[in-house]
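*Asks:* If it helps, the file is called coords_7.txt and holds compact mmCIF, C-alpha atoms:
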```txt
# COMPACT_ATOMS: atom_id res chain seq x y z
CA MET A 400 -9.66 -37.67 -55.57
CA THR A 401 -12.02 -40.39 -56.71
CA LEU A 402 -11.57 -41.90 -60.11
CA ASN A 403 -15.22 -42.25 -60.92
CA ASP A 404 -16.21 -38.63 -61.27
CA ASP A 405 -16.02 -36.96 -64.64
CA GLY A 406 -13.13 -34.54 -63.99
CA ALA A 407 -10.95 -37.20 -62.40
CA HIS A 408 -8.75 -37.76 -65.42
CA VAL A 409 -8.09 -34.03 -65.74
CA ARG A 410 -6.86 -33.83 -62.15
CA LEU A 411 -4.90 -37.06 -62.51
CA PHE A 412 -3.33 -35.81 -65.72
CA ARG A 413 -2.36 -32.57 -63.99
CA GLU A 414 -0.56 -34.64 -61.35
CA LEU A 415 1.06 -36.87 -63.96
CA SER A 416 2.25 -33.90 -65.98
CA ALA A 417 4.45 -32.91 -63.06
CA GLN A 418 6.29 -36.24 -63.42
CA PRO A 419 9.09 -36.54 -66.00
CA SER A 420 8.05 -38.70 -68.92
CA PRO A 421 9.94 -38.78 -72.21
CA THR A 422 7.95 -39.16 -75.42
CA ARG A 423 8.84 -41.86 -77.92
CA SER A 424 11.16 -39.64 -79.98
CA HIS A 425 12.85 -38.29 -76.86
CA ALA A 426 13.33 -41.81 -75.45
CA ARG A 427 14.73 -42.96 -78.80
CA ALA A 428 17.23 -40.09 -78.76
CA ILE A 429 18.30 -40.98 -75.22
CA ALA A 430 18.69 -44.65 -76.19
CA TYR A 431 20.74 -43.86 -79.30
CA GLY A 432 22.87 -41.43 -77.29
CA ALA A 433 23.55 -43.91 -74.49
CA MET A 434 24.21 -46.88 -76.75
CA GLY A 435 26.29 -44.78 -79.16
CA THR A 436 28.47 -43.54 -76.31
CA ALA A 437 28.83 -47.06 -74.93
CA ALA A 438 29.73 -48.48 -78.35
CA SER A 439 32.35 -45.75 -78.90
CA PHE A 440 33.82 -46.58 -75.51
CA SER A 441 34.04 -50.27 -76.39
CA LEU A 442 35.54 -49.55 -79.82
CA SER A 443 38.12 -47.26 -78.22
CA ILE A 444 39.17 -50.13 -75.99
CA PHE A 445 39.32 -52.43 -79.01
CA PHE A 446 41.68 -50.07 -80.82
CA LEU A 447 43.63 -49.53 -77.61
CA MET A 448 44.16 -53.30 -77.58
CA GLY A 449 45.63 -53.03 -81.06
CA GLY A 450 42.53 -53.66 -83.20
CA LEU A 451 42.42 -56.60 -85.61
CA ARG A 452 45.29 -59.07 -85.13
CA GLN A 453 45.42 -61.84 -87.67
CA GLY A 454 48.43 -63.62 -86.15
CA PRO A 455 49.08 -67.03 -87.74
CA ARG A 456 45.42 -67.38 -88.75
CA PRO A 457 44.45 -67.60 -92.43
CA THR A 458 42.22 -64.72 -93.55
CA THR A 459 39.38 -67.12 -94.37
CA LEU A 460 39.43 -68.40 -90.79
CA VAL A 461 39.31 -64.88 -89.35
CA LEU A 462 36.43 -63.97 -91.66
CA LEU A 463 34.53 -67.18 -90.97
CA THR A 464 34.86 -67.11 -87.18
CA SER A 465 34.17 -63.40 -86.77
CA MET A 466 31.25 -63.25 -89.22
CA GLY A 467 29.66 -66.35 -87.77
CA ALA A 468 30.13 -64.97 -84.26
CA ALA A 469 28.67 -61.62 -85.34
CA LEU A 470 25.60 -63.32 -86.75
CA LEU A 471 25.06 -65.38 -83.59
CA ALA A 472 25.65 -62.32 -81.38
CA VAL A 473 23.17 -60.20 -83.32
CA ILE A 474 20.53 -62.93 -83.00
CA ALA A 475 21.20 -63.24 -79.25
CA ALA A 476 21.05 -59.46 -78.80
CA ARG A 477 17.87 -59.20 -80.84
CA VAL A 478 16.12 -61.84 -78.75
CA ALA A 479 17.43 -60.64 -75.39
CA TRP A 480 17.12 -56.89 -75.81
CA SER A 481 13.92 -56.45 -77.79
CA ARG A 482 10.51 -57.37 -76.46
CA GLY A 483 9.33 -59.16 -79.60
CA GLY A 484 6.38 -56.82 -80.09
CA ARG A 485 4.88 -57.77 -76.72
CA MET A 486 4.47 -55.36 -73.85
CA LEU A 487 5.36 -58.09 -71.38
CA GLY A 488 8.51 -59.03 -73.27
CA ARG A 489 9.72 -62.31 -74.67
CA PRO A 490 8.51 -65.58 -73.19
CA ALA A 491 10.82 -67.19 -70.65
CA GLN A 492 11.67 -70.03 -73.05
CA ALA A 493 13.15 -67.62 -75.58
CA LEU A 494 15.28 -65.99 -72.90
CA TRP A 495 16.44 -69.36 -71.59
CA LEU A 496 17.37 -70.32 -75.13
CA VAL A 497 19.65 -67.27 -75.40
CA ILE A 498 21.18 -67.94 -71.99
CA ALA A 499 21.92 -71.58 -72.75
CA MET A 500 22.71 -71.48 -76.44
CA ALA A 501 24.67 -68.26 -76.98
CA PRO A 502 27.81 -69.27 -75.03
CA LEU A 503 27.63 -72.85 -76.31
CA THR A 504 27.16 -72.05 -80.01
CA LEU A 505 29.79 -69.30 -79.99
CA PHE A 506 32.30 -71.63 -78.37
CA LEU A 507 31.49 -74.52 -80.72
CA TRP A 508 31.63 -72.27 -83.77
CA ARG A 509 35.01 -70.81 -82.91
CA TYR A 510 36.49 -74.11 -81.83
CA GLY A 511 34.98 -76.14 -84.68
CA VAL A 512 36.01 -73.79 -87.47
CA SER A 513 39.49 -73.29 -85.99
CA ASP A 514 39.86 -77.05 -85.64
CA ALA A 515 39.05 -77.48 -89.33
CA PHE A 516 41.98 -75.16 -90.05
CA GLY A 517 44.22 -77.00 -87.55
CA MET A 518 44.40 -73.96 -85.26
CA THR A 519 43.45 -75.43 -81.89
CA GLU A 520 46.88 -76.33 -80.53
CA GLU A 521 47.79 -75.49 -76.97
CA TRP A 522 49.37 -72.05 -76.36
CA LEU A 523 51.08 -72.34 -73.01
CA ASP A 524 51.79 -68.66 -72.58
CA ARG A 525 48.20 -67.62 -73.43
CA PRO A 526 45.89 -68.99 -70.72
CA GLY A 527 43.25 -66.40 -71.57
CA TRP A 528 43.51 -63.77 -68.84
CA ARG A 529 44.12 -60.94 -71.29
CA CYS A 530 41.06 -61.88 -73.34
CA PHE A 531 39.11 -62.18 -70.09
CA ARG A 532 40.09 -58.67 -68.98
CA TRP A 533 39.52 -57.09 -72.40
CA SER A 534 36.13 -58.77 -72.71
CA LEU A 535 34.99 -57.41 -69.37
CA ALA A 536 36.39 -53.96 -70.13
CA MET A 537 34.73 -53.78 -73.56
CA GLY A 538 31.39 -55.05 -72.31
CA ALA A 539 31.14 -52.84 -69.23
CA ALA A 540 29.87 -49.70 -70.97
CA PRO A 541 27.18 -51.34 -73.18
CA PHE A 542 26.10 -53.41 -70.19
CA ALA A 543 25.72 -50.32 -67.99
CA ALA A 544 23.95 -48.38 -70.77
CA LEU A 545 21.48 -51.20 -71.39
CA PHE A 546 20.59 -51.58 -67.75
CA TYR A 547 20.25 -47.82 -67.40
CA LEU A 548 17.85 -47.69 -70.35
CA ARG A 549 15.80 -50.67 -69.20
CA ARG A 550 15.69 -49.83 -65.48
CA ASP A 551 12.34 -49.99 -63.71
CA THR A 552 10.52 -51.47 -66.71
CA GLU A 553 10.29 -55.25 -66.40
CA LEU A 554 6.99 -56.67 -65.25
CA VAL A 555 7.18 -60.43 -65.57
CA HIS A 556 10.68 -61.96 -65.21
CA PRO A 557 13.27 -59.24 -64.56
CA ALA A 558 16.05 -61.56 -63.39
CA LEU A 559 15.74 -63.71 -66.51
CA VAL A 560 15.70 -60.65 -68.78
CA GLY A 561 18.77 -59.33 -66.93
CA THR A 562 20.61 -62.61 -67.43
CA ALA A 563 19.77 -62.78 -71.13
CA MET A 564 20.78 -59.14 -71.60
CA GLY A 565 24.12 -59.82 -69.89
CA ILE A 566 24.77 -62.91 -72.01
CA ALA A 567 23.92 -60.94 -75.16
CA VAL A 568 26.39 -58.21 -74.18
CA GLY A 569 29.00 -60.93 -73.70
CA ALA A 570 28.10 -62.37 -77.12
CA LEU A 571 28.57 -59.00 -78.84
CA VAL A 572 31.88 -58.45 -77.08
CA TRP A 573 32.97 -61.89 -78.34
CA VAL A 574 33.21 -60.49 -81.89
CA PRO A 575 35.97 -57.87 -81.39
CA VAL A 576 37.83 -60.20 -79.02
CA ASP A 577 37.58 -62.86 -81.73
CA LEU A 578 39.11 -60.44 -84.24
CA TRP A 579 41.95 -59.69 -81.86
CA CYS A 580 42.72 -63.14 -80.42
CA PRO A 581 44.28 -65.84 -82.62
CA VAL A 582 44.12 -68.53 -79.91
CA ALA A 583 41.45 -71.22 -80.24
CA TYR A 584 42.78 -73.63 -77.64
CA ALA A 585 39.68 -74.85 -75.71
CA PRO A 586 40.73 -73.93 -72.12
CA HIS A 587 41.76 -70.49 -73.39
CA LEU A 588 38.38 -70.02 -75.08
CA ILE A 589 36.56 -71.07 -71.94
CA LEU A 590 38.49 -68.76 -69.62
CA GLY A 591 39.00 -65.76 -71.87
CA HIS A 592 35.88 -65.77 -74.02
CA VAL A 593 33.08 -67.82 -72.45
CA LEU A 594 33.63 -66.94 -68.79
CA PRO A 595 33.17 -63.16 -69.30
CA MET A 596 29.82 -63.90 -70.98
CA LEU A 597 28.76 -65.95 -67.99
CA ILE A 598 29.90 -63.22 -65.62
CA PHE A 599 27.86 -60.64 -67.53
CA GLY A 600 24.92 -63.03 -67.31
CA ALA A 601 25.30 -63.56 -63.56
CA VAL A 602 25.66 -59.84 -62.83
CA GLY A 603 22.70 -59.23 -65.15
CA ALA A 604 20.59 -61.66 -63.12
CA LEU A 605 21.40 -59.83 -59.91
CA LEU A 606 20.88 -56.38 -61.35
CA GLY A 607 17.75 -57.50 -63.14
CA ARG A 608 16.17 -58.58 -59.88
CA TYR A 609 16.71 -55.18 -58.28
CA LEU A 610 17.15 -52.69 -61.09
CA LEU A 611 14.99 -53.84 -63.97
CA VAL A 612 11.84 -54.68 -62.04
CA MET A 613 9.08 -52.07 -62.13
CA ARG A 614 8.37 -51.14 -58.53
CA GLY A 615 5.79 -48.39 -58.75
CA MET B 1472 -16.15 -34.59 -69.91
CA GLY B 1473 -19.78 -35.64 -70.16
CA PHE B 1474 -19.26 -39.19 -71.27
CA SER B 1475 -18.49 -41.95 -68.82
CA LEU B 1476 -17.70 -45.43 -69.99
CA GLN B 1477 -18.86 -46.91 -66.70
CA ALA B 1478 -22.22 -45.18 -67.00
CA ALA B 1479 -22.49 -46.29 -70.61
CA GLY B 1480 -21.69 -49.84 -69.55
CA ALA B 1481 -24.42 -49.70 -66.92
CA ARG B 1482 -26.91 -48.37 -69.49
CA MET B 1483 -25.87 -51.09 -71.92
CA ARG B 1484 -26.49 -53.77 -69.31
CA ALA B 1485 -29.82 -52.19 -68.39
CA GLY B 1486 -30.82 -52.03 -72.06
CA THR B 1487 -31.24 -48.26 -71.96
CA MET B 1488 -28.33 -47.34 -74.18
CA GLY B 1489 -29.10 -44.33 -76.33
CA ALA B 1490 -27.70 -42.56 -79.39
CA ARG B 1491 -25.29 -40.63 -77.17
CA ASP B 1492 -23.49 -43.84 -76.41
CA MET B 1493 -22.86 -44.39 -80.10
CA SER B 1494 -21.28 -40.98 -80.55
CA VAL B 1495 -17.70 -40.44 -81.61
CA THR B 1496 -16.44 -40.93 -78.06
CA GLY B 1497 -19.02 -43.56 -77.25
CA VAL B 1498 -18.86 -47.32 -77.02
CA ARG B 1499 -19.20 -49.23 -80.29
CA SER B 1500 -18.01 -52.63 -79.10
CA ALA B 1501 -15.49 -53.95 -76.62
CA ALA B 1502 -13.02 -54.68 -79.42
CA TRP B 1503 -13.49 -51.24 -80.98
CA THR B 1504 -13.05 -49.55 -77.61
CA GLU B 1505 -9.88 -51.49 -76.93
CA ARG B 1506 -8.39 -50.68 -80.32
CA HIS B 1507 -9.34 -47.03 -79.80
CA ALA B 1508 -7.55 -47.01 -76.43
CA ASP B 1509 -4.50 -48.79 -77.86
CA ALA B 1510 -4.23 -46.22 -80.63
CA ALA B 1511 -4.69 -43.41 -78.10
CA MET B 1512 -1.86 -44.84 -75.98
CA VAL B 1513 0.40 -44.84 -79.03
CA ARG B 1514 -0.47 -41.17 -79.65
CA TYR B 1515 0.09 -40.40 -75.98
CA GLY B 1516 3.51 -42.03 -76.22
CA ASP B 1517 4.24 -39.82 -79.22
CA GLY B 1518 3.45 -36.74 -77.12
CA ASP B 1519 -0.25 -36.14 -77.86
CA GLU B 1520 -1.37 -35.19 -74.33
CA ALA B 1521 -5.04 -35.03 -75.31
CA ALA B 1522 -5.05 -38.78 -75.98
CA PHE B 1523 -4.69 -39.42 -72.26
CA SER B 1524 -8.40 -38.87 -71.62
CA ILE B 1525 -9.30 -41.72 -74.01
CA VAL B 1526 -6.74 -44.03 -72.40
CA TYR B 1527 -8.12 -43.13 -69.01
CA GLU B 1528 -11.78 -43.54 -69.98
CA VAL B 1529 -11.19 -47.06 -71.23
CA THR B 1530 -8.50 -48.29 -68.84
CA ALA B 1531 -9.57 -46.90 -65.44
CA PRO B 1532 -12.83 -48.89 -65.20
CA THR B 1533 -11.09 -52.06 -66.36
CA LEU B 1534 -8.37 -51.57 -63.79
CA GLN B 1535 -10.86 -50.91 -61.03
CA ARG B 1536 -12.84 -54.04 -61.87
CA PHE B 1537 -9.65 -56.05 -62.12
CA LEU B 1538 -8.35 -54.85 -58.75
CA ARG B 1539 -11.72 -55.21 -57.00
CA ARG B 1540 -11.41 -58.96 -57.55
CA ARG B 1541 -8.10 -58.95 -55.69
CA VAL B 1542 -8.26 -56.14 -53.11
CA ARG B 1543 -11.11 -55.23 -50.77
CA ASP B 1544 -10.07 -51.72 -49.70
CA ALA B 1545 -11.68 -49.21 -52.10
CA GLU B 1546 -9.27 -46.41 -51.23
CA TYR B 1547 -6.32 -48.69 -51.79
CA ILE B 1548 -7.74 -49.66 -55.19
CA GLU B 1549 -7.94 -45.99 -56.17
CA ASP B 1550 -4.40 -45.50 -54.98
CA LEU B 1551 -3.20 -48.47 -57.06
CA VAL B 1552 -5.08 -47.24 -60.13
CA GLN B 1553 -3.45 -43.83 -59.84
CA ARG B 1554 -0.02 -45.36 -59.37
CA THR B 1555 -0.62 -47.59 -62.39
CA PHE B 1556 -1.40 -44.53 -64.47
CA LEU B 1557 1.72 -42.88 -63.12
CA GLN B 1558 3.81 -45.84 -64.34
CA MET B 1559 2.03 -45.83 -67.70
CA HIS B 1560 2.77 -42.12 -67.97
CA ARG B 1561 6.43 -42.57 -67.04
CA HIS B 1562 6.88 -45.40 -69.52
CA ARG B 1563 4.57 -44.15 -72.26
CA ALA B 1564 7.41 -44.14 -74.78
CA ARG B 1565 7.77 -47.89 -74.31
CA PHE B 1566 4.24 -48.69 -75.41
CA ILE B 1567 4.45 -50.84 -78.54
CA PRO B 1568 1.99 -49.99 -81.32
CA GLY B 1569 -0.40 -52.91 -81.67
CA ALA B 1570 -0.14 -53.99 -78.02
CA SER B 1571 -3.08 -53.96 -75.60
CA VAL B 1572 -3.06 -51.02 -73.20
CA ARG B 1573 -5.57 -52.71 -70.88
CA LYS B 1574 -3.46 -55.84 -70.48
CA TRP B 1575 -0.39 -53.70 -69.92
CA ALA B 1576 -2.16 -51.64 -67.27
CA CYS B 1577 -3.44 -54.74 -65.45
CA THR B 1578 0.03 -56.30 -65.43
CA ILE B 1579 1.53 -53.10 -64.02
CA ALA B 1580 -1.14 -53.08 -61.30
CA VAL B 1581 -0.40 -56.72 -60.41
CA ARG B 1582 3.34 -56.03 -60.30
CA MET B 1583 2.77 -53.13 -57.91
CA LEU B 1584 0.51 -55.26 -55.77
CA ILE B 1585 3.20 -57.97 -55.59
CA THR B 1586 5.86 -55.38 -54.71
CA GLU B 1587 3.63 -53.98 -51.97
CA ILE B 1588 2.95 -57.46 -50.54
CA GLU B 1589 6.68 -58.28 -50.58
CA HIS B 1590 7.38 -54.95 -48.86
CA ARG B 1591 4.81 -55.67 -46.16
CA ARG B 1592 6.06 -59.21 -45.62
CA MET B 1593 9.57 -57.91 -45.27
CA LEU B 1594 8.44 -55.34 -42.72
CA GLN B 1595 6.49 -57.98 -40.81
CA ARG B 1596 9.55 -60.20 -40.64
CA TYR B 1597 11.60 -57.21 -39.60
CA LEU B 1598 9.27 -56.37 -36.74
CA VAL B 1599 8.64 -59.92 -35.59
CA THR B 1600 12.33 -60.82 -35.35
CA GLY B 1601 12.51 -57.98 -32.86
CA VAL B 1602 14.73 -55.64 -34.79
CA GLU B 1603 13.47 -52.09 -34.39
CA ALA B 1604 12.71 -50.28 -37.62
CA ASP B 1605 15.04 -47.44 -38.27
CA ALA B 1606 13.19 -44.43 -36.93
CA ALA B 1607 15.08 -41.99 -39.10
CA ALA B 1608 14.14 -43.90 -42.25
CA ARG B 1609 10.52 -43.93 -41.20
CA ASP B 1610 10.56 -40.23 -40.48
CA ALA B 1611 11.97 -39.61 -43.92
CA ASP B 1612 9.33 -41.77 -45.58
CA PRO B 1613 5.73 -41.01 -44.55
CA GLU B 1614 4.46 -44.03 -46.51
CA ALA B 1615 6.76 -46.37 -44.60
CA GLU B 1616 5.61 -44.74 -41.36
CA CYS B 1617 2.01 -45.31 -42.36
CA VAL B 1618 2.70 -48.97 -43.17
CA GLY B 1619 4.55 -49.19 -39.85
CA HIS B 1620 1.45 -47.99 -37.97
CA GLU B 1621 -0.71 -50.51 -39.82
CA LEU B 1622 1.73 -53.27 -38.97
CA ALA B 1623 1.87 -52.23 -35.33
CA ALA B 1624 -1.93 -52.55 -35.16
CA LEU B 1625 -1.70 -55.90 -36.94
CA LEU B 1626 0.93 -57.05 -34.49
CA GLU B 1627 -1.18 -56.02 -31.49
CA LYS B 1628 -4.10 -58.03 -32.83
CA ALA B 1629 -1.85 -61.03 -33.44
CA ILE B 1630 -0.37 -60.86 -29.93
CA ALA B 1631 -3.90 -60.74 -28.49
CA ARG B 1632 -4.57 -64.13 -30.14
CA LEU B 1633 -1.56 -65.78 -28.50
CA PRO B 1634 -1.89 -67.90 -25.36
CA ALA B 1635 -1.42 -65.73 -22.25
CA ARG B 1636 2.01 -67.17 -21.31
CA HIS B 1637 3.33 -66.39 -24.81
CA ALA B 1638 1.85 -62.91 -24.92
CA ARG B 1639 3.30 -62.17 -21.48
CA VAL B 1640 6.86 -63.18 -22.39
CA ILE B 1641 6.75 -61.15 -25.63
CA GLY B 1642 5.37 -58.17 -23.72
CA MET B 1643 8.14 -58.35 -21.12
CA VAL B 1644 11.14 -58.98 -23.37
CA ARG B 1645 10.19 -57.24 -26.61
CA GLY B 1646 7.63 -54.75 -25.35
CA GLU B 1647 9.10 -53.56 -22.03
CA GLY B 1648 12.67 -54.34 -23.04
CA ARG B 1649 13.45 -56.47 -19.96
CA SER B 1650 16.43 -58.82 -19.97
CA THR B 1651 15.86 -62.57 -19.92
CA ASP B 1652 17.15 -62.66 -16.33
CA GLU B 1653 14.60 -60.08 -15.21
CA ALA B 1654 11.82 -61.84 -17.11
CA ALA B 1655 12.89 -65.17 -15.62
CA GLU B 1656 12.66 -63.76 -12.11
CA ARG B 1657 9.17 -62.37 -12.70
CA LEU B 1658 7.93 -65.50 -14.45
CA HIS B 1659 9.47 -67.78 -11.79
CA THR B 1660 11.57 -69.67 -14.31
CA THR B 1661 15.15 -69.82 -15.56
CA PRO B 1662 16.64 -67.50 -18.24
CA ASN B 1663 16.84 -70.49 -20.58
CA GLY B 1664 13.18 -71.19 -19.93
CA VAL B 1665 12.41 -67.59 -20.94
CA ARG B 1666 14.42 -67.94 -24.14
CA ILE B 1667 12.60 -71.14 -25.10
CA ARG B 1668 9.22 -69.63 -24.29
CA LEU B 1669 10.08 -66.48 -26.27
CA SER B 1670 11.22 -68.51 -29.27
CA ARG B 1671 7.95 -70.49 -29.25
CA ALA B 1672 5.93 -67.31 -28.80
CA LEU B 1673 7.63 -65.60 -31.74
CA SER B 1674 7.18 -68.68 -33.89
CA ALA B 1675 3.46 -68.69 -33.07
CA LEU B 1676 3.27 -64.98 -33.83
CA ARG B 1677 4.83 -65.50 -37.23
CA LYS B 1678 2.29 -68.22 -37.97
CA ILE B 1679 -0.57 -65.91 -37.02
CA LEU B 1680 0.80 -63.16 -39.24
CA ARG B 1681 1.21 -65.59 -42.12
CA GLY B 1682 -2.34 -66.77 -41.56
CA ASP B 1683 -1.51 -70.45 -40.91
CA TRP B 1684 -2.07 -70.49 -37.17
CA ASP B 1685 -4.46 -73.04 -35.69
CA ASP B 1686 -5.77 -71.38 -32.59
CA PRO B 1687 -5.44 -73.91 -29.73
CA GLU B 1688 -8.48 -72.39 -28.13
```
Could I get this structure in the form of structure tokens?
*Replies:*
Amino acid sequence: MTLNDDGAHVRLFRELSAQPSPTRSHARAIAYGAMGTAASFSLSIFFLMGGLRQGPRPTTLVLLTSMGAALLAVIAARVAWSRGGRMLGRPAQALWLVIAMAPLTLFLWRYGVSDAFGMTEEWLDRPGWRCFRWSLAMGAAPFAALFYLRRDTELVHPALVGTAMGIAVGALVWVPVDLWCPVAYAPHLILGHVLPMLIFGAVGALLGRYLLVMRG
Amino acid sequence: MGFSLQAAGARMRAGTMGARDMSVTGVRSAAWTERHADAAMVRYGDGDEAAFSIVYEVTAPTLQRFLRRRVRDAEYIEDLVQRTFLQMHRHRARFIPGASVRKWACTIAVRMLITEIEHRRMLQRYLVTGVEADAAARDADPEAECVGHELAALLEKAIARLPARHARVIGMVRGEGRSTDEAAERLHTTPNGVRIRLSRALSALRKILRGDWDDPE
């Protein structure tokens, strides 16, 4: 088949029609289905953990830390997951900003606000392993769903997009873990809350390189 | 379809553009054509199959011109154009209203070109380091087999450019499968001498394949 003759597009279209290709509404339904399932999975884990646990924290502190974290996480997710109205996705600088700033600002917010309430004392029996495990468990399904939905689509910097997506998943998971965990001792926050984000980011970088890139 | 954008473009350049070119499907201006194609891609993403012909009419010539500046093989260009359309078709739901379909198509084509080059480089390295390609995998993948044949021809040409002593040692050890002891006996040298000569020969071969070989002759 040559592409220059007049009937070329008809023949090409016939060949393309044999390939599966969801329309916009169909793709949207798949995305909502996948993300909805993943979110229900994460919420189930959250309630399995025991849901909201105020502990010795004042209500204002819980509200402040969780709402601030939610705002930061939504911003990170918005930048990392959407393409900003560009077919080639966000510029690398924006993705780097999410990767560098999301863990840092979330940590500083939680630690700073808790410190203002005098809630950053050392908890010897809470090194952070439980938060670490719960964070990974809660983030696994949204992470898998996101990478499934975005597979074979990235044209410019797939590894960077993968990293930012992973960090954003970690940022969103921070919110329910924040609601559950009353400990704001810095080493605990680093191990139980920040490290899972970084792990999601690192795995995202690897998967992005091989899974997100459009290969043709 | 009677209208061809390429033909219209040629008539425009020759100054013989007629009323037909200004028809509903015709060319008004480059910006108008691009907007028309972008809108058609949005409709195609929404499921309007008829919009594909407009996307094709505008994007195929652009893609061909774009690829002709990077690739010499005309058949390969056609293959890349078709594969680009296949990707656009598969990901049509991801097209963002307001984005440029031509830029998107060109970026997809470049990405596929890069992937192909990486694939070929990997195969070259695989062959040159002496590891035999997995025959079963090649049998299962006709495209890989085809690339394998191309690389074999490339390799033959590269070996022909090597100095005779290098070509001979590669032929004996990698081609005929002789041991270093056997090769050493035939070349009147020691097994270590064969290993050194083979290492130098393979290094030279890699340079030739990478295109940074200064022929000593």
*Asks:* When the cut-off is 12 Å and we count all atoms listed in the file, which residues of chain A are near chain B, given as JSON, numbers by chain?
*Replies:* {"A": [400, 401, 402, 403, 404, 405, 406, 407, 408, 409, 410, 411, 412, 413, 414, 415, 416, 417, 418, 419, 420, 421, 422, 423, 424, 425, 426, 427, 428, 429, 430, 481, 482, 483, 484, 485, 486, 487, 488, 548, 549, 550, 551, 552, 553, 554, 555, 556, 557, 608, 609, 612, 613, 614, 615]}
*Asks:* Looking at B:Cys1577, B:Leu1625, B:Met1643, B:Leu1658, which one is nearest to Leu1676 in chain B, with distances taken over all atoms listed in the file?
*Replies:*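 Closest residue, counting all atoms listed in the file: B:Leu1625.
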*Asks:* Go ahead and find all residues with at least one atom no further than 9 Å from (13.1, -64.9, -28.4) in the file's coordinates, using all atoms listed in the file; report them as a list in words.
*Replies:*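 Protein and nucleic acid residues near the point are Thr1600, Gly1601, Val1640, Ile1641, Val1644, Arg1645, Val1665, Arg1666, Ile1667, Arg1668, Leu1669, Ser1670, Arg1671, Ala1672, Leu1673 and Ser1674 of chain B.
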*Asks:* Which residues are close to Ser513 in chain A, i.e. within 10 Å by only C-alpha atoms, leaving aside same-chain residues fewer than 5 positions away? Reply as a ChimeraX atom specification.
*Replies:* /A:456-457,460-461,463-464,507-508,518-520,581-584
*Asks:* Which of these residues is nearest to Phe599 in chain A, using all atoms listed in the file: A:Ile566, A:Leu571, A:Val512, A:Ala585?
*Replies:*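 The shortest atom-to-atom distance to Phe599 in chain A comes from A:Ile566.
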*Asks:* Could you tell me how far CA of Ser465 in chain A lies from CA of Asp577 in chain A, in Å and to one decimal?
*Replies:*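 Separating CA of Ser465 in chain A from CA of Asp577 in chain A is a distance of 6.1 Å.
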*Asks:* To one decimal place in Å, what is the distance between CA of Ala558 in chain A and CA of Val473 in chain A?
*Replies:*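 Between CA of Ala558 in chain A and CA of Val473 in chain A the gap is 21.2 Å.
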*Asks:* So how far away is CA of Ala1635 in chain B from CA of Pro1662 in chain B, in Å?
*Replies:*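 So the answer is 18.6 Å.
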*Asks:* Can you work out which one of A:Phe542, A:Arg452, A:Ala601, A:Ala563 has the shortest atom-to-atom distance to Ala491 in chain A, counting only C-alpha atoms?
*Replies:*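 Residue with the minimum atom-to-atom distance to Ala491 in chain A: A:Ala563.
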*Asks:* Between A:Val602, A:Val560, A:Pro455, A:Met448, which has the minimum distance to Gln492 in chain A (counting all atoms listed in the file)?
*Replies:*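 Ranking A:Val602, A:Val560, A:Pro455, A:Met448 by distance to Gln492 in chain A, first place goes to A:Val560.
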*Asks:* Find the residues near Thr504 in chain A: any atom within 12 Å, counting only C-alpha atoms, skip ones fewer than 3 places away on the same chain, and give them as a VMD selection string.
*Replies:* chain A and resid 464 467 to 472 474 to 475 496 to 501 507 to 512 570 573 593
*Asks:* Nearest to Ala536 in chain A among A:Val572, A:Leu597, A:Trp480, A:Met466, with distances taken over all atoms listed in the file: which residue is it?
*Replies:* A:Val572
*Asks:* Using all atoms listed in the file, can you tell me which of A:Leu559, A:Val478, A:Cys530, A:Met434 comes closest to Ala604 in chain A?
*Replies:* A:Leu559
